[in-house]
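K.L.:
This is the structure I want to talk about, given as structure tokens.
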Amino acid sequence: MTNKSAAEMIQSVEDARLLAKRRLPISIYQMFEAGSGSNLTAIRNEEAFRDLMFRPRNGVFVAKPDISTTVLGHKISMPAIVSSVGFLGVGHRDGEVGVARATADADTIQFISGVASTAIEEIMAAARHPVFYQLYYVGGRDASAPIIERVREAGVSGLVLTVDTPTIARPKDTPYFERRSLPLGVSFKEAIKFAPQIVTKWEWAWDMLRDGLKDPIVAQALRPDGTPMGLFEGIEKIYQQTPTFDDVPWIRRHWDGPLVLKGILTADDARRALKEGADAIVVSNHGGNVLDGSLPSLRALPEIVDAVGGRMDVLVDSGVRRGTDALKAVASGAKAVLLGRAYVYGLLAAGEPGVRKVLDIFRMQITEGLAFLGAESLDELDPSFIDFPADWPKR
């Protein structure tokens with residue numbers, strides 16, 4: 001099956017997920033599906049969006065709804081941003097570059113992971129849109145300063161500092177007989193162990209073979225000899241020192257452009273981010289991939305929007321699966337949502353065309369949803385368009 005024909009089968013994010021699961025070896029799929037512990041937070045993230053119901057303004061005809069918005073000075077075509085997910089090249093050979101091309105066509109913003117499998121220069125060569133780089137400390141401050149300079153020279157529009165990963169997260173509890181291990185590298189021994197997983201996954205295997213079998217790398221994290229770190233080496237170094245609010249002044253000495261703090265779940269942390277000089281925040285529990293049992297991001301959004309009082313852009317992620325989810329977030333006070341698994345499933349299922357199809361679906365659903373709500377633009381949306389459950393935090 002070609003990427004184009006697979007993309008044509010996608011009519012929803014769930015379609016993309018099922019196609020991705022069918023295409024990938026189980027351990028690779030489980031890596032991208034992620035989750036943590038009981039997976040409660042990941043589940044509740046999606047349920048939170050389902051808990052909010054619309055209160056549309058009927059008897060209104062909207063010929064051409066305007067779904068554009070502005071985030072950190074960048075006008076984008078819809079309130080949906082492509083968020084940072086690492087090691088995309090492991091799931092599909094199109095990787096971050098394919099995502100960059102699809103994002104540019106969608107006329108929105110792309111966040112690049114600090115553990116991307118592709119060099120930032122190669123990504124930026126394909127970019128015709130604002131790109132923000134998510135900074136992990138892969139080896140502490142000393143190792144991060146050259147990365148900031150490198151991404152600046154490559155032309156990124158902003159930095160994203162993730163503040164919700166102080167230690168490595170417990171993986172999702174998977175029953176013993178369903179667990180599968182990732183290969184630890186490219187070797188005959190690992191190939192023998194991995195072989196049972198790819199017996200029926202020849203499409204993925206052929207894609208990997210076409211590019212030559214290579215150990216996955218953390219492309220922006222360099223060893224002293226100038227070579228990129230490997231996947232497991234890079235992940236280990238991330239947790240030797242993780243960023244805190246106290247690092248913001250240090251980062252500001254190296255970076256004077258837009259700075260986004262990602263991983264905010266309380267009003268106090270939002271006020272602290274504002275005080276430290278962040279230009280925007282992402283209300284996020286990391287898609288349910290870190291602390292199991294964290295509050296769903298959408299539930300935290302209203303109090304955070306009130307806390308910052310319009311003095312910075314507020315974005316939200318975790319659990320977004322439909323264009324109508326984006327409208328619920330905007331009505332609750334967010335400028336835009338960040339897409340994670342939603343577009344990644346498209347990439348894993350069908351490469352660049354799959355990402356493009358998922359973004360097209362979001363555009364269609366947002367446009368249709370805004371018309372059904374009886375609003376001509378996103379600026380008209382406010383909490384009065386939402387029916388909140390009785391126990392839901394109100395703005």
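Note on naming: chains are A, B, ... as they come in the structure tokens, residues start from 1 per chain, ligands start from 1 in the order shown.
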When you look at range 227-239 of chain A with a cut-off of 7 Å (counting only C-alpha atoms), what residues show up, excluding the ones that are within fewer than 5 positions of it in the same chain? I need them as JSON, numbers by chain.
P.N.:
{"A": [136, 137, 138, 139, 166, 167, 168, 215, 216, 217, 218, 219, 220, 221, 222]}
K.L.:
Compile the contact shell of range 159-164 of chain A as a ChimeraX atom specification: residues with an atom at most 8 Å away, counting only C-alpha atoms, same-chain residues fewer than 5 positions apart removed.
P.N.:
/A:111,132-136,242-245,257-264,285-286,290
K.L.:
Write the residues of the preceding selection, restricted to N, CA and C atoms, as a PDB file, in the first residue's frame.
P.N.:
ATOM      1  N   PHE A 111       6.207  22.644  16.396  1.00  0.00           N
ATOM      2  CA  PHE A 111       7.190  22.493  17.458  1.00  0.00           C
ATOM      3  C   PHE A 111       8.039  21.265  17.130  1.00  0.00           C
ATOM      4  N   PHE A 132       9.261  26.178  16.132  1.00  0.00           N
ATOM      5  CA  PHE A 132       9.733  26.393  17.498  1.00  0.00           C
ATOM      6  C   PHE A 132      10.471  25.124  17.937  1.00  0.00           C
ATOM      7  N   TYR A 133      11.581  25.324  18.628  1.00  0.00           N
ATOM      8  CA  TYR A 133      12.396  24.188  19.061  1.00  0.00           C
ATOM      9  C   TYR A 133      12.185  23.934  20.540  1.00  0.00           C
ATOM     10  N   GLN A 134      11.797  22.704  20.890  1.00  0.00           N
ATOM     11  CA  GLN A 134      11.607  22.310  22.282  1.00  0.00           C
ATOM     12  C   GLN A 134      12.940  21.875  22.853  1.00  0.00           C
ATOM     13  N   LEU A 135      13.422  22.614  23.843  1.00  0.00           N
ATOM     14  CA  LEU A 135      14.742  22.383  24.406  1.00  0.00           C
ATOM     15  C   LEU A 135      14.690  21.415  25.580  1.00  0.00           C
ATOM     16  N   TYR A 136      15.369  20.287  25.432  1.00  0.00           N
ATOM     17  CA  TYR A 136      15.684  19.428  26.567  1.00  0.00           C
ATOM     18  C   TYR A 136      17.141  19.678  26.938  1.00  0.00           C
ATOM     19  N   THR A 242      17.274  18.573  34.636  1.00  0.00           N
ATOM     20  CA  THR A 242      16.116  19.011  33.867  1.00  0.00           C
ATOM     21  C   THR A 242      15.805  20.470  34.195  1.00  0.00           C
ATOM     22  N   PRO A 243      15.242  21.213  33.248  1.00  0.00           N
ATOM     23  CA  PRO A 243      15.013  22.651  33.445  1.00  0.00           C
ATOM     24  C   PRO A 243      13.995  22.948  34.539  1.00  0.00           C
ATOM     25  N   THR A 244      14.192  24.091  35.203  1.00  0.00           N
ATOM     26  CA  THR A 244      13.265  24.604  36.201  1.00  0.00           C
ATOM     27  C   THR A 244      12.985  26.067  35.876  1.00  0.00           C
ATOM     28  N   PHE A 245      12.084  26.679  36.652  1.00  0.00           N
ATOM     29  CA  PHE A 245      11.824  28.107  36.467  1.00  0.00           C
ATOM     30  C   PHE A 245      13.096  28.927  36.642  1.00  0.00           C
ATOM     31  N   GLY A 257      14.536  35.639  21.764  1.00  0.00           N
ATOM     32  CA  GLY A 257      13.295  35.507  21.000  1.00  0.00           C
ATOM     33  C   GLY A 257      12.163  34.975  21.859  1.00  0.00           C
ATOM     34  N   PRO A 258      11.021  34.638  21.232  1.00  0.00           N
ATOM     35  CA  PRO A 258       9.871  34.096  21.966  1.00  0.00           C
ATOM     36  C   PRO A 258      10.235  32.836  22.740  1.00  0.00           C
ATOM     37  N   LEU A 259       9.740  32.763  23.972  1.00  0.00           N
ATOM     38  CA  LEU A 259       9.997  31.612  24.843  1.00  0.00           C
ATOM     39  C   LEU A 259       8.669  31.098  25.384  1.00  0.00           C
ATOM     40  N   VAL A 260       8.429  29.802  25.188  1.00  0.00           N
ATOM     41  CA  VAL A 260       7.208  29.153  25.622  1.00  0.00           C
ATOM     42  C   VAL A 260       7.562  28.163  26.732  1.00  0.00           C
ATOM     43  N   LEU A 261       6.826  28.201  27.840  1.00  0.00           N
ATOM     44  CA  LEU A 261       6.994  27.201  28.889  1.00  0.00           C
ATOM     45  C   LEU A 261       5.863  26.186  28.774  1.00  0.00           C
ATOM     46  N   LYS A 262       6.226  24.924  28.659  1.00  0.00           N
ATOM     47  CA  LYS A 262       5.265  23.842  28.415  1.00  0.00           C
ATOM     48  C   LYS A 262       5.239  22.897  29.612  1.00  0.00           C
ATOM     49  N   GLY A 263       4.009  22.579  30.066  1.00  0.00           N
ATOM     50  CA  GLY A 263       3.867  21.685  31.197  1.00  0.00           C
ATOM     51  C   GLY A 263       3.263  22.376  32.405  1.00  0.00           C
ATOM     52  N   ILE A 264       2.436  23.403  32.173  1.00  0.00           N
ATOM     53  CA  ILE A 264       1.814  24.182  33.242  1.00  0.00           C
ATOM     54  C   ILE A 264       0.430  23.607  33.539  1.00  0.00           C
ATOM     55  N   ASN A 285      -0.230  18.135  30.437  1.00  0.00           N
ATOM     56  CA  ASN A 285       0.269  17.064  31.299  1.00  0.00           C
ATOM     57  C   ASN A 285       1.082  16.065  30.471  1.00  0.00           C
ATOM     58  N   HIS A 286       1.641  16.574  29.354  1.00  0.00           N
ATOM     59  CA  HIS A 286       2.522  15.770  28.504  1.00  0.00           C
ATOM     60  C   HIS A 286       1.780  14.590  27.881  1.00  0.00           C
ATOM     61  N   VAL A 290       3.638  11.425  31.656  1.00  0.00           N
ATOM     62  CA  VAL A 290       4.573  11.602  32.768  1.00  0.00           C
ATOM     63  C   VAL A 290       3.904  11.167  34.077  1.00  0.00           C
TER      64      VAL A 290
END
K.L.:
Which residues are near range 304-314 of chain A? Cut-off 6 Å, only C-alpha atoms, ignore same chain within fewer than 2 positions. Put them as a VMD selection string.
P.N.:
chain A and resid 267 279 to 281 301 to 302 333 to 335
K.L.:
By how many Å are CA of Phe177 in chain A and CA of Ala16 in chain A apart?
P.N.:
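Between CA of Phe177 in chain A and CA of Ala16 in chain A the gap works out to 25.1 Å.
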K.L.:
Which residue, A:Pro130, A:Arg44, A:Gln110, A:Ser117, has the smallest gap to His74 in chain A when you use only C-alpha atoms?
P.N.:
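Answer, going by the shortest atom-to-atom distance: A:Pro130.
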K.L.:
A:Asp379, A:Pro224, A:Gly369, A:Val355: which is nearest Arg17 in chain A, counting only C-alpha atoms?
P.N.:
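Looking only at the distances to Arg17 in chain A, the closest residue turns out to be A:Val355.
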